Structure formats: C-alpha cells, structure tokens
$ cat coords24.cif   # mmCIF, C-alpha atoms
data_entry
loop_
_atom_site.label_atom_id
_atom_site.label_comp_id
_atom_site.auth_asym_id
_atom_site.auth_seq_id
_atom_site.Cartn_x
_atom_site.Cartn_y
_atom_site.Cartn_z
CA MET F 97 -96.03 -69.81 -68.21
CA THR F 98 -99.68 -68.91 -68.87
CA ASP F 99 -100.77 -65.37 -68.12
CA VAL F 100 -103.82 -65.22 -65.88
CA VAL F 101 -106.22 -62.50 -66.93
CA VAL F 102 -107.75 -60.83 -63.90
CA ARG F 103 -110.87 -58.80 -64.51
CA HIS F 104 -111.94 -56.28 -61.85
CA ILE F 105 -115.66 -55.63 -61.74
CA PRO F 106 -116.97 -52.60 -59.83
CA VAL F 107 -120.07 -53.58 -57.90
CA LYS F 108 -122.84 -51.37 -56.55
CA ASN F 109 -123.72 -52.49 -53.04
CA ARG F 110 -127.51 -52.33 -53.01
CA LEU F 111 -127.75 -53.46 -49.41
CA ALA F 112 -125.75 -50.40 -48.32
CA SER F 113 -128.35 -47.94 -49.56
CA LEU F 114 -131.28 -49.97 -48.19
CA ILE F 115 -130.12 -50.21 -44.61
CA LYS F 116 -129.56 -46.43 -44.44
CA VAL F 117 -133.18 -45.58 -45.28
CA PRO F 118 -134.68 -43.66 -42.33
CA GLY F 119 -136.58 -45.95 -39.98
CA GLY F 120 -135.67 -49.42 -38.82
CA LYS F 121 -134.30 -49.97 -35.33
CA LYS F 122 -131.36 -49.26 -33.09
CA LEU F 123 -128.66 -51.94 -33.15
CA LYS F 124 -129.14 -52.68 -29.45
CA ASP F 125 -132.86 -53.26 -30.12
CA ALA F 126 -132.07 -55.47 -33.13
CA VAL F 127 -129.86 -57.64 -30.91
CA ALA F 128 -132.42 -57.74 -28.09
CA ASP F 129 -135.27 -58.60 -30.47
CA ALA F 130 -133.28 -61.38 -32.14
CA GLU F 131 -132.29 -62.86 -28.77
CA ARG F 132 -135.91 -62.71 -27.60
CA ASN F 133 -137.04 -64.46 -30.78
CA LEU F 134 -134.48 -67.20 -30.20
CA GLU F 135 -135.77 -67.75 -26.66
CA ALA F 136 -139.19 -68.50 -28.14
CA VAL F 137 -137.80 -71.41 -30.17
CA ARG F 138 -135.43 -72.68 -27.48
CA PRO F 139 -137.68 -75.54 -26.23
CA ASP F 140 -138.15 -76.96 -29.72
CA CYS F 141 -134.47 -76.69 -30.57
CA VAL F 142 -133.23 -78.19 -27.30
CA GLY F 143 -135.78 -80.99 -27.75
CA ARG F 144 -134.33 -81.61 -31.20
CA ILE F 145 -130.81 -81.77 -29.76
CA ASP F 146 -132.00 -84.51 -27.37
CA GLU F 147 -133.54 -86.40 -30.30
CA LEU F 148 -130.31 -86.13 -32.27
CA ILE F 149 -128.22 -87.43 -29.36
CA TYR F 150 -130.64 -90.33 -29.00
CA GLU F 151 -130.45 -91.14 -32.72
CA ILE F 152 -126.65 -91.10 -32.52
CA GLN F 153 -126.83 -93.42 -29.51
CA LEU F 154 -129.09 -95.85 -31.40
CA LEU F 155 -126.78 -95.88 -34.41
CA SER F 156 -123.74 -96.52 -32.26
CA GLY F 157 -125.42 -99.49 -30.56
CA ALA F 158 -124.71 -101.90 -33.40
CA VAL F 159 -121.96 -104.49 -32.93
CA GLY F 160 -118.66 -103.82 -34.69
CA ASP F 161 -117.09 -100.71 -36.16
CA PRO F 162 -119.50 -98.49 -38.06
CA GLY F 163 -119.66 -98.93 -41.83
CA LEU F 164 -119.50 -96.11 -44.34
CA GLU F 165 -123.25 -95.53 -44.44
CA THR F 166 -123.54 -95.45 -40.66
CA ARG F 167 -120.58 -93.08 -40.39
CA GLN F 168 -122.14 -90.73 -42.93
CA ARG F 169 -125.41 -90.75 -40.98
CA LEU F 170 -123.57 -90.17 -37.69
CA TYR F 171 -121.72 -87.27 -39.31
CA ASP F 172 -124.94 -85.68 -40.55
CA LEU F 173 -126.65 -86.02 -37.17
CA ALA F 174 -123.66 -84.62 -35.29
CA ASN F 175 -123.34 -81.75 -37.75
CA GLN F 176 -126.97 -80.82 -37.07
CA ILE F 177 -126.10 -80.60 -33.37
CA VAL F 178 -123.10 -78.38 -34.20
CA SER F 179 -125.48 -75.97 -35.96
CA ILE F 180 -127.72 -75.22 -33.02
CA ALA F 181 -126.32 -76.40 -29.67
CA GLY F 182 -124.13 -73.38 -28.97
CA THR F 183 -127.00 -70.99 -29.67
CA PHE F 184 -128.96 -72.51 -26.81
CA SER F 185 -126.35 -72.48 -24.06
CA LEU F 186 -124.99 -75.94 -24.80
CA PRO F 187 -121.55 -75.12 -26.22
CA GLY F 188 -120.04 -78.31 -24.76
CA VAL F 189 -122.56 -80.43 -26.65
CA GLY F 190 -121.74 -78.51 -29.82
CA ARG F 191 -118.02 -79.08 -29.34
CA ALA F 192 -118.46 -82.80 -28.66
CA ALA F 193 -120.62 -83.10 -31.78
CA TYR F 194 -117.98 -81.22 -33.76
CA SER F 195 -115.39 -83.64 -32.40
CA LEU F 196 -117.45 -86.59 -33.64
CA CYS F 197 -117.68 -84.97 -37.11
CA GLU F 198 -113.94 -84.35 -37.08
CA MET F 199 -113.16 -87.92 -36.10
CA ILE F 200 -115.38 -89.39 -38.80
CA ASP F 201 -113.96 -87.01 -41.42
CA CYS F 202 -110.30 -87.40 -40.51
CA THR F 203 -110.44 -91.20 -40.61
CA ILE F 204 -112.38 -91.42 -43.86
CA GLU F 205 -109.32 -92.43 -45.90
CA THR F 206 -108.23 -95.16 -43.51
CA GLY F 207 -111.29 -97.30 -43.07
CA GLY F 208 -113.09 -95.12 -40.57
CA CYS F 209 -113.27 -94.78 -36.83
CA THR F 210 -113.82 -97.52 -34.29
CA ARG F 211 -117.00 -98.26 -32.39
CA GLY F 212 -115.19 -97.36 -29.17
CA GLU F 213 -114.34 -93.91 -30.53
CA VAL F 214 -117.98 -93.32 -31.42
CA LEU F 215 -119.20 -94.58 -28.05
CA VAL F 216 -117.02 -92.18 -26.05
CA HIS F 217 -118.54 -89.35 -28.08
CA VAL F 218 -122.05 -90.58 -27.32
CA GLU F 219 -121.31 -90.74 -23.60
CA SER F 220 -119.69 -87.32 -23.75
CA LEU F 221 -122.71 -85.83 -25.50
CA GLN F 222 -124.99 -87.27 -22.83
CA LEU F 223 -122.83 -85.88 -20.03
CA LEU F 224 -122.37 -82.45 -21.62
CA ARG F 225 -126.12 -82.18 -22.23
CA HIS F 226 -126.37 -81.39 -18.51
CA PRO F 227 -123.56 -78.92 -17.84
CA GLU F 228 -125.09 -77.96 -14.50
CA ARG F 229 -124.43 -81.48 -13.20
CA LEU F 230 -120.99 -81.74 -14.74
CA GLY F 231 -119.55 -78.41 -13.63
CA ALA F 232 -117.01 -76.33 -15.52
CA ALA F 233 -114.06 -78.56 -14.56
CA GLY F 234 -115.92 -81.71 -15.54
CA GLU F 235 -116.93 -80.19 -18.87
CA ALA F 236 -113.34 -79.17 -19.58
CA ALA F 237 -112.10 -82.67 -18.69
CA VAL F 238 -114.56 -84.34 -21.05
CA LEU F 239 -113.67 -82.00 -23.92
CA ASP F 240 -109.97 -82.47 -23.25
CA GLY F 241 -110.47 -86.24 -23.38
CA LEU F 242 -112.23 -85.94 -26.73
CA ALA F 243 -109.42 -83.75 -28.08
CA LYS F 244 -106.96 -86.52 -27.21
CA ILE F 245 -109.14 -89.08 -28.97
CA ILE F 246 -109.04 -86.93 -32.09
CA ARG F 247 -105.26 -86.57 -31.87
CA HIS F 248 -104.95 -90.35 -31.59
CA ALA F 249 -107.07 -90.78 -34.67
CA GLN F 250 -105.01 -88.19 -36.56
CA VAL F 251 -101.76 -89.93 -35.61
CA ARG F 252 -103.22 -93.22 -36.79
CA VAL F 253 -104.17 -91.64 -40.11
CA GLU F 254 -100.72 -90.05 -40.52
CA ARG F 255 -99.01 -93.36 -39.83
CA ALA F 256 -101.26 -95.15 -42.30
CA ALA F 257 -100.38 -92.54 -44.92
CA ILE F 258 -96.64 -93.06 -44.34
CA ALA F 259 -96.89 -96.87 -44.35
CA MET H 278 -121.56 -54.63 -27.62
CA ALA H 279 -117.98 -54.95 -28.79
CA GLY H 280 -117.65 -53.82 -32.39
CA LEU H 281 -121.19 -52.46 -32.56
CA ASN H 282 -122.41 -49.00 -31.70
CA PRO H 283 -125.60 -49.86 -29.78
CA GLU H 284 -127.03 -46.45 -30.63
CA GLY H 285 -126.46 -47.00 -34.35
CA TRP H 286 -129.39 -47.81 -36.60
CA ILE H 287 -130.18 -50.48 -39.17
CA ASN H 288 -133.14 -50.64 -41.49
CA MET H 289 -133.68 -54.09 -43.00
CA GLU H 290 -137.36 -53.59 -43.74
CA ALA H 291 -136.93 -53.22 -47.49
CA ALA H 292 -134.00 -55.61 -47.84
CA ALA H 293 -134.78 -58.73 -49.84
CA VAL H 294 -133.02 -61.50 -47.95
CA LEU H 295 -132.85 -65.09 -49.14
CA LEU H 296 -132.31 -67.79 -46.52
CA LEU H 297 -131.33 -71.24 -47.81
CA ASP H 298 -131.14 -74.00 -45.24
CA PRO H 299 -132.75 -77.43 -45.58
CA ASN H 300 -132.51 -78.13 -41.86
CA PRO H 301 -135.69 -76.87 -40.17
CA PHE H 302 -134.02 -76.12 -36.85
CA SER H 303 -130.96 -74.21 -38.02
CA GLN H 304 -133.25 -72.50 -40.54
CA GLN H 305 -135.49 -71.50 -37.63
CA VAL H 306 -132.51 -70.04 -35.75
CA ALA H 307 -131.41 -67.94 -38.71
CA LYS H 308 -134.98 -66.85 -39.46
CA GLN H 309 -135.59 -65.66 -35.91
CA ILE H 310 -132.37 -63.65 -35.98
CA LEU H 311 -133.36 -62.04 -39.30
CA PHE H 312 -136.81 -61.16 -37.95
CA GLY H 313 -135.13 -59.63 -34.92
CA PHE H 314 -133.02 -57.45 -37.21
CA GLY H 315 -136.20 -56.18 -38.83
CA VAL H 316 -136.24 -58.23 -42.04
CA ARG H 317 -139.90 -58.26 -43.08
CA ALA H 318 -140.43 -61.20 -45.41
CA PRO H 319 -137.31 -63.21 -46.20
CA PHE H 320 -137.40 -65.75 -49.01
CA ILE H 321 -137.16 -69.02 -47.11
CA CYS H 322 -135.79 -71.85 -49.24
CA ASN H 323 -135.44 -75.49 -48.28
CA THR H 324 -133.85 -76.62 -51.50
CA VAL H 325 -131.37 -75.41 -54.07
CA ALA H 326 -134.12 -75.50 -56.71
CA GLU H 327 -136.28 -73.09 -54.67
CA ALA H 328 -133.35 -70.73 -54.20
CA GLN H 329 -132.44 -70.87 -57.89
CA GLU H 330 -136.01 -70.00 -58.81
CA ILE H 331 -135.93 -66.90 -56.57
CA LEU H 332 -132.46 -65.78 -57.62
CA THR H 333 -133.32 -65.93 -61.30
CA SER H 334 -136.65 -64.12 -60.98
CA ARG H 335 -136.45 -61.62 -58.08
CA GLU H 336 -133.90 -59.07 -56.95
CA VAL H 337 -132.14 -60.26 -53.79
CA ASN H 338 -129.95 -58.02 -51.60
CA LEU H 339 -128.44 -60.56 -49.22
CA VAL H 340 -128.10 -64.35 -49.22
CA LEU H 341 -127.71 -66.18 -45.94
CA MET H 342 -127.20 -69.89 -46.34
CA SER H 343 -126.01 -73.12 -44.83
CA ASP H 344 -122.93 -74.90 -46.17
CA VAL H 345 -125.06 -78.06 -46.37
CA VAL H 346 -127.84 -77.55 -48.87
CA ASP H 347 -128.90 -80.53 -50.97
CA GLY H 348 -127.55 -84.05 -51.02
CA ASP H 349 -124.27 -83.94 -52.89
CA THR H 350 -124.48 -80.20 -53.64
CA THR H 351 -122.60 -78.18 -51.06
CA GLY H 352 -123.40 -74.60 -50.23
CA PHE H 353 -120.05 -73.72 -51.80
CA ASP H 354 -121.14 -75.24 -55.13
CA PHE H 355 -124.28 -73.16 -54.90
CA VAL H 356 -122.34 -69.91 -54.35
CA SER H 357 -120.13 -70.72 -57.36
CA TRP H 358 -123.27 -71.26 -59.45
CA LEU H 359 -124.70 -67.96 -58.21
CA ARG H 360 -121.56 -66.04 -59.15
CA ARG H 361 -121.15 -67.67 -62.57
CA HIS H 362 -124.65 -68.27 -63.85
CA VAL H 363 -127.10 -65.80 -62.33
CA PRO H 364 -127.65 -62.56 -64.28
CA GLU H 365 -126.76 -59.16 -62.83
CA PRO H 366 -127.40 -57.78 -60.29
CA ASN H 367 -128.01 -60.93 -58.25
CA CYS H 368 -124.70 -62.54 -59.21
CA PHE H 369 -123.03 -59.80 -57.10
CA THR H 370 -125.34 -60.22 -54.10
CA PRO H 371 -123.46 -60.48 -50.80
CA VAL H 372 -123.43 -64.07 -49.56
CA MET H 373 -122.82 -65.21 -46.00
CA VAL H 374 -122.36 -68.97 -45.59
CA LEU H 375 -123.02 -70.47 -42.17
CA SER H 376 -120.83 -73.50 -41.78
CA GLY H 377 -120.97 -76.34 -39.29
CA HIS H 378 -118.15 -78.88 -39.52
CA SER H 379 -116.45 -78.56 -42.90
CA LYS H 380 -115.15 -81.74 -44.44
CA ARG H 381 -111.51 -81.62 -45.52
CA ALA H 382 -112.60 -82.29 -49.07
CA ASN H 383 -114.59 -79.02 -49.06
CA ILE H 384 -112.01 -76.61 -47.66
CA GLN H 385 -110.65 -75.50 -51.03
CA ALA H 386 -114.18 -75.11 -52.39
CA ALA H 387 -115.08 -72.96 -49.38
CA ARG H 388 -112.12 -70.68 -50.06
CA ASP H 389 -112.78 -70.37 -53.77
CA CYS H 390 -116.57 -70.26 -53.97
CA GLY H 391 -116.88 -66.46 -53.94
CA ALA H 392 -118.79 -65.97 -50.68
CA ASN H 393 -118.34 -62.68 -48.81
CA PHE H 394 -118.16 -64.43 -45.45
CA ILE H 395 -118.04 -67.95 -44.15
CA LEU H 396 -119.11 -67.99 -40.53
CA ALA H 397 -118.73 -70.94 -38.18
CA LYS H 398 -121.94 -72.12 -36.53
CA PRO H 399 -123.22 -71.42 -34.03
CA VAL H 400 -123.17 -67.73 -34.83
CA SER H 401 -124.10 -65.33 -32.07
CA VAL H 402 -126.67 -62.63 -32.73
CA ARG H 403 -124.06 -59.90 -32.31
CA VAL H 404 -121.59 -61.48 -34.70
CA MET H 405 -124.33 -61.96 -37.27
CA LEU H 406 -125.35 -58.31 -37.01
CA GLU H 407 -121.71 -57.18 -37.27
CA ARG H 408 -121.27 -59.22 -40.44
CA VAL H 409 -124.50 -57.94 -41.99
CA LEU H 410 -123.34 -54.38 -41.33
CA TRP H 411 -119.90 -55.23 -42.67
CA VAL H 412 -121.16 -56.58 -45.99
CA ALA H 413 -123.50 -53.61 -46.27
CA ARG H 414 -120.61 -51.17 -45.81
CA GLU H 415 -117.95 -52.85 -47.87
CA ASN H 416 -117.10 -51.56 -51.27
CA ARG H 417 -114.87 -54.32 -52.58
CA PRO H 418 -114.89 -54.85 -56.32
CA PHE H 419 -115.40 -58.33 -57.67
CA VAL H 420 -112.56 -60.10 -59.42
CA ASP H 421 -112.76 -62.78 -62.06
CA THR H 422 -109.58 -64.78 -62.49
CA GLY H 423 -111.19 -67.58 -64.45
CA LYS H 424 -110.88 -69.92 -61.47
CA TYR H 425 -112.31 -67.48 -58.93
CA LEU H 426 -115.22 -65.07 -59.26
CA GLY H 427 -116.21 -63.17 -56.14
CA PRO H 428 -115.34 -60.27 -53.88
CA GLU H 429 -111.72 -59.20 -54.10
CA ARG H 430 -109.91 -61.21 -51.40
CA ARG H 431 -106.59 -59.47 -50.89
CA PHE H 432 -107.88 -57.12 -48.22
CA HIS H 433 -109.56 -59.96 -46.40
CA ASP H 434 -106.54 -62.24 -46.57
CA ASP H 435 -104.22 -59.52 -45.30
CA GLU H 436 -106.54 -58.90 -42.35
CA LYS H 437 -106.80 -62.61 -41.66
CA ASN H 438 -103.03 -63.05 -41.80
CA LYS H 439 -102.56 -60.21 -39.36
CA ALA H 440 -105.10 -61.77 -37.01
CA ARG H 441 -103.43 -65.17 -37.38
CA ARG H 442 -100.05 -63.67 -36.58
CA ARG H 443 -101.51 -61.99 -33.51
CA ARG H 444 -103.04 -65.28 -32.33
CA ASN H 445 -99.80 -67.18 -32.84
CA ASP H 446 -97.57 -64.61 -31.22
CA PRO H 447 -96.86 -65.51 -27.62
CA PRO H 448 -98.33 -63.02 -25.16
CA GLU H 449 -95.89 -60.58 -23.65
CA GLY H 450 -93.75 -62.26 -21.04
CA ALA H 451 -94.82 -65.74 -22.11
CA GLU H 452 -92.61 -68.37 -23.66
CA ALA H 453 -92.88 -69.11 -27.33
CA ALA H 454 -95.37 -71.76 -28.35
CA PRO H 455 -94.01 -75.30 -28.60
CA ASP H 456 -92.84 -76.50 -31.97
CA ALA H 457 -95.91 -77.08 -34.09
CA GLY H 458 -94.24 -80.11 -35.62
CA ALA H 459 -93.64 -81.82 -32.31
CA ALA H 460 -95.28 -85.19 -31.82
CA PRO H 461 -98.64 -84.94 -30.06
CA ASP H 462 -98.96 -86.18 -26.54
CA VAL H 463 -100.51 -89.53 -27.34
CA ALA H 464 -99.64 -93.16 -26.79
CA ALA H 465 -98.84 -95.44 -29.70
CA ASP H 466 -102.02 -97.47 -29.54
CA ALA H 467 -105.37 -95.67 -29.71
CA ASP H 468 -107.61 -98.32 -28.21
CA PRO H 469 -106.29 -98.42 -24.62
CA HIS H 470 -106.57 -94.65 -24.47
CA THR H 471 -110.13 -94.70 -25.78
CA GLU H 472 -111.06 -97.39 -23.29
CA ALA H 473 -109.46 -95.48 -20.39
CA PHE H 474 -111.37 -92.34 -21.35
CA ALA H 475 -114.60 -94.33 -21.68
CA GLN H 476 -114.10 -95.65 -18.15
CA GLY H 477 -113.56 -92.12 -16.88
CA LEU H 478 -116.79 -90.99 -18.54
CA ARG H 479 -118.70 -93.85 -16.95
CA ARG H 480 -117.36 -92.86 -13.53
CA MET H 481 -118.52 -89.28 -14.13
CA ASN H 482 -121.91 -90.53 -15.19
CA SER H 483 -122.42 -92.86 -12.23
#

$ encode --input "coords24.cif" --output "structure tokens"
Amino acid sequence: MTDVVVRHIPVKNRLASLIKVPGGKKLKDAVADAERNLEAVRPDCVGRIDELIYEIQLLSGAVGDPGLETRQRLYDLANQIVSIAGTFSLPGVGRAAYSLCEMIDCTIETGGCTRGEVLVHVESLQLLRHPERLGAAGEAAVLDGLAKIIRHAQVRVERAAIA
Amino acid sequence: MAGLNPEGWINMEAAAVLLLDPNPFSQQVAKQILFGFGVRAPFICNTVAEAQEILTSREVNLVLMSDVVDGDTTGFDFVSWLRRHVPEPNCFTPVMVLSGHSKRANIQAARDCGANFILAKPVSVRVMLERVLWVARENRPFVDTGKYLGPERRFHDDEKNKARRRRNDPPEGAEAAPDAGAAPDVAADADPHTEAFAQGLRRMNS
C-alpha cells in the first residue's frame, strides 16, 4: 500500500480583509443594485434565448437522427440557454434546455438520441417560452413529459450497456 | 433575505475580481451582478489565454468563471492549472465556478479541480452574494494530496452529506421514499412514448 502524503497549507484570505474596509454598500442595496442591473440587460438576453431556440429548431429540422456534430452543436446551444433563462423569469425554458443537454449527454455512448427526442424538446422550448399562455399546470405537464423522455433514454442506455 | 443580513455591509470596491466566460450573454449576467455588488473594474476575460495573462501578472482576489471556457479546455482544467502552476498568492485565490449542464465525463474533474464552490446556473443574485461572503469569511487551509490541490474539503463534504441526508429523509408523517433501485415508470419502447408526448405538445400548441 502506498502512503499518500497530505500537505496542509495555511492560506491568508485576502478577500476577507478587503470586503471589511469601511465603505461599500449594505447587502440589501447590493442585491437591489444587481437586480436592477440585470433588468437593464433583460431585453438583449431574452432576445438571445429566442435566437438560440430558433437555431435549435433549424438544426433539428434535418431528416434522420442527428449525427455527432449536430448533437454537439445542439448541446452547446441548449447549454447557453441553461446559463441565462432562469435569470430572466424563464425557468421552464432553462429546465427544458437542461433536459436536452442531459438527453444528448446520457445517450452519447449508445449512438445518440433520436430526431423525435430532439423535436419534443424543441416544441417544449417553444411552449415554455410563453409561460403566461401555458399556465403553471401546463408548464408542469410539459416538464414532466420531458422527464419521462429522459428516463426512457436512460433505460435504453442501461439496457445497451447490459447487452 | 434568507441567509443574508440585509443590514450587513460589503465593500468590493478594492477587490480585484477576474471573470472568465467566453459566452457574451452569461458573461453579461455575471458582470452586472458584480457591478451591483460594488466591484469597480473586474478583469473581464473571454479566453483562457487572457485569464492566464492576468493571473500571472496581477494580484487577483476572487475568480468567477464558467465551466465552459475554451474549446476542449473545461473550466475545471483551468482551475487545476491555476492551483498547480500559478505562483503565490494567486494560486490560493478563491474560485467560484458557474456550471450549466455538466457532462458525465466532467463530474470527477469538477470534484477534484480545487474550486471553492461550483454553483449551478442560473445563480440568483442572493445566492451569489451569499457565496461571495462565504468565501470571504472562510478560513480553510489548502491541502495537497498529489492528486488534489485546493481548499480542504472535509468540512464541505460533511455539510453536504448532512444536507443530502436531510433531503432524502422522508418528512415527518410521510412514508419512506420508494426504493431507489426500482424500475422507472416507463414502457419498454421509447419511440411510442416520445410520439405520444409530441402529440400532446402539438395539442397544447394548437
């Protein structure tokens, strides 16, 4: 058995002393200022989410199951949506995009996901983009449906691993 | 403001913060939050090369970064490089990684990269402020095991395990959770289910 040598290194936390310097702002003001700043960039970011959904839709329009390159591009686009959608009151869109990432990632060892599985994510993203039309129950139903799609894909992957 | 004392104070004016995110929109989100917290002039980096240049030439007090940074280089690779190859004091700089979807292949790297926090995107303003205050208050030593170099993890892991146990415990009066190994509620063939769901979506959309 090899002994692992663990070295403990005391570290001076320079950030600790900086944030205690007199001045700055109250925490409630820091939160309010940050939220106000985010409101200023909301139109650009929501516009970008629409562009990303459209790009995903275009990519999913091709005939046949998506190839490796297309899946990688779909993953990157969806992951960009994950990064910002929830910040701008579109948590359902973020969760659907996360689901698409999860599906692409979990099927990577078994030849990838099907076109149908991508298409239901595209339609879900488009529906969830307008939560006011969908309503809370509708949003929950769509997300529940996507969760089942992911579980199907996972079962398929597990079976392929056993076979 | 759960977890935050709204009357507490923070002064980020003199803090040198490095933000590394190649995506202009998620970079914009993080930047606006930092400005709101009072950060004056963060180092904004679009590439790993830009961040490396700053970290090897300027003192940095906090790194906030995306898990996706540059082509094949993950944010976790970058944190490992920072811990192993950057001279003191920057190699000990607190690092918060903002992660979108993490690929299975990266989970071990995320655990072992030496970041102080890995936060799931989207991160709310309050959570971000809590974490900044947390890393500023913490006094954990670093440990170097050869395979891992970063903040000592035992405290963190214990806290996480406690939280996990709490989440998994059934609430009082409730029945225990179903067997985690039980087969999921899915039919044998995926395609009919996908098609049925697609039809349901189309009905909702019409």

$ residues_around --input "coords24.cif" --residues "F:Lys116" --least-positions-apart "6" --cutoff "10 Å" --atoms "only C-alpha atoms" --output "JSON list (two decimals) with C-alpha atoms, keeping the file's coordinate frame"
[["chain", "number", "residue", "atom", "x", "y", "z"],
["H", 286, "TRP", "CA", -129.39, -47.81, -36.60],
["H", 287, "ILE", "CA", -130.18, -50.48, -39.17],
["H", 288, "ASN", "CA", -133.14, -50.64, -41.49],
["H", 289, "MET", "CA", -133.68, -54.09, -43.00],
["H", 413, "ALA", "CA", -123.50, -53.61, -46.27]]

$ atom_distance --input "coords24.cif" --atom1 "atom CA of F:Arg225" --atom2 "atom CA of F:Ala174"
13.5 Å

$ atom_distance --input "coords24.cif" --atom1 "atom CA of H:Ser376" --atom2 "atom CA of H:Pro399"
8.4 Å

$ atom_distance --input "coords24.cif" --atom1 "atom CA of F:Glu213" --atom2 "atom CA of H:Ala397"
24.6 Å

$ resolve_selection --input "coords24.cif" --expression "the PyMOL selection byres ((chain H) within 7 of (chain F))" --output "PyMOL selection string"
chain H and resi 283-292+302-303+306+309-310+312-315+338+369+377-378+380+398-399+401-403+413-414+416+418-422+463+467+471+474-475+478+482

$ write_last_selection --input "coords24.cif" --atoms "C-alpha atoms" --output "PDB file, in the coordinates of the input"
ATOM      1  CA  PRO H 283    -125.600 -49.860 -29.780  1.00  0.00           C
ATOM      2  CA  GLU H 284    -127.030 -46.450 -30.630  1.00  0.00           C
ATOM      3  CA  GLY H 285    -126.460 -47.000 -34.350  1.00  0.00           C
ATOM      4  CA  TRP H 286    -129.390 -47.810 -36.600  1.00  0.00           C
ATOM      5  CA  ILE H 287    -130.180 -50.480 -39.170  1.00  0.00           C
ATOM      6  CA  ASN H 288    -133.140 -50.640 -41.490  1.00  0.00           C
ATOM      7  CA  MET H 289    -133.680 -54.090 -43.000  1.00  0.00           C
ATOM      8  CA  GLU H 290    -137.360 -53.590 -43.740  1.00  0.00           C
ATOM      9  CA  ALA H 291    -136.930 -53.220 -47.490  1.00  0.00           C
ATOM     10  CA  ALA H 292    -134.000 -55.610 -47.840  1.00  0.00           C
ATOM     11  CA  PHE H 302    -134.020 -76.120 -36.850  1.00  0.00           C
ATOM     12  CA  SER H 303    -130.960 -74.210 -38.020  1.00  0.00           C
ATOM     13  CA  VAL H 306    -132.510 -70.040 -35.750  1.00  0.00           C
ATOM     14  CA  GLN H 309    -135.590 -65.660 -35.910  1.00  0.00           C
ATOM     15  CA  ILE H 310    -132.370 -63.650 -35.980  1.00  0.00           C
ATOM     16  CA  PHE H 312    -136.810 -61.160 -37.950  1.00  0.00           C
ATOM     17  CA  GLY H 313    -135.130 -59.630 -34.920  1.00  0.00           C
ATOM     18  CA  PHE H 314    -133.020 -57.450 -37.210  1.00  0.00           C
ATOM     19  CA  GLY H 315    -136.200 -56.180 -38.830  1.00  0.00           C
ATOM     20  CA  ASN H 338    -129.950 -58.020 -51.600  1.00  0.00           C
ATOM     21  CA  PHE H 369    -123.030 -59.800 -57.100  1.00  0.00           C
ATOM     22  CA  GLY H 377    -120.970 -76.340 -39.290  1.00  0.00           C
ATOM     23  CA  HIS H 378    -118.150 -78.880 -39.520  1.00  0.00           C
ATOM     24  CA  LYS H 380    -115.150 -81.740 -44.440  1.00  0.00           C
ATOM     25  CA  LYS H 398    -121.940 -72.120 -36.530  1.00  0.00           C
ATOM     26  CA  PRO H 399    -123.220 -71.420 -34.030  1.00  0.00           C
ATOM     27  CA  SER H 401    -124.100 -65.330 -32.070  1.00  0.00           C
ATOM     28  CA  VAL H 402    -126.670 -62.630 -32.730  1.00  0.00           C
ATOM     29  CA  ARG H 403    -124.060 -59.900 -32.310  1.00  0.00           C
ATOM     30  CA  ALA H 413    -123.500 -53.610 -46.270  1.00  0.00           C
ATOM     31  CA  ARG H 414    -120.610 -51.170 -45.810  1.00  0.00           C
ATOM     32  CA  ASN H 416    -117.100 -51.560 -51.270  1.00  0.00           C
ATOM     33  CA  PRO H 418    -114.890 -54.850 -56.320  1.00  0.00           C
ATOM     34  CA  PHE H 419    -115.400 -58.330 -57.670  1.00  0.00           C
ATOM     35  CA  VAL H 420    -112.560 -60.100 -59.420  1.00  0.00           C
ATOM     36  CA  ASP H 421    -112.760 -62.780 -62.060  1.00  0.00           C
ATOM     37  CA  THR H 422    -109.580 -64.780 -62.490  1.00  0.00           C
ATOM     38  CA  VAL H 463    -100.510 -89.530 -27.340  1.00  0.00           C
ATOM     39  CA  ALA H 467    -105.370 -95.670 -29.710  1.00  0.00           C
ATOM     40  CA  THR H 471    -110.130 -94.700 -25.780  1.00  0.00           C
ATOM     41  CA  PHE H 474    -111.370 -92.340 -21.350  1.00  0.00           C
ATOM     42  CA  ALA H 475    -114.600 -94.330 -21.680  1.00  0.00           C
ATOM     43  CA  LEU H 478    -116.790 -90.990 -18.540  1.00  0.00           C
ATOM     44  CA  ASN H 482    -121.910 -90.530 -15.190  1.00  0.00           C
TER      45      ASN H 482
END

$ resolve_selection --input "coords24.cif" --expression "the PyMOL selection byres ((chain H and resi 320-327) around 8)" --output "number ranges by chain"
H: 293-300, 318-319, 328-331, 346-347, 355

$ axis_aligned_box --input "coords24.cif" --around "stretch 219-222 of chain F" --padding-each-side "8 Å" --output "AutoDock Vina command-line options"
--center_x -122.3 --center_y -88.3 --center_z -24.2 --size_x 21.3 --size_y 20.9 --size_z 18.7

$ resolve_selection --input "coords24.cif" --expression "the PyMOL selection byres ((chain H and resi 427) around 9)" --output "number ranges by chain"
H: 357, 360, 369, 389-393, 418-421, 425-426, 428-430
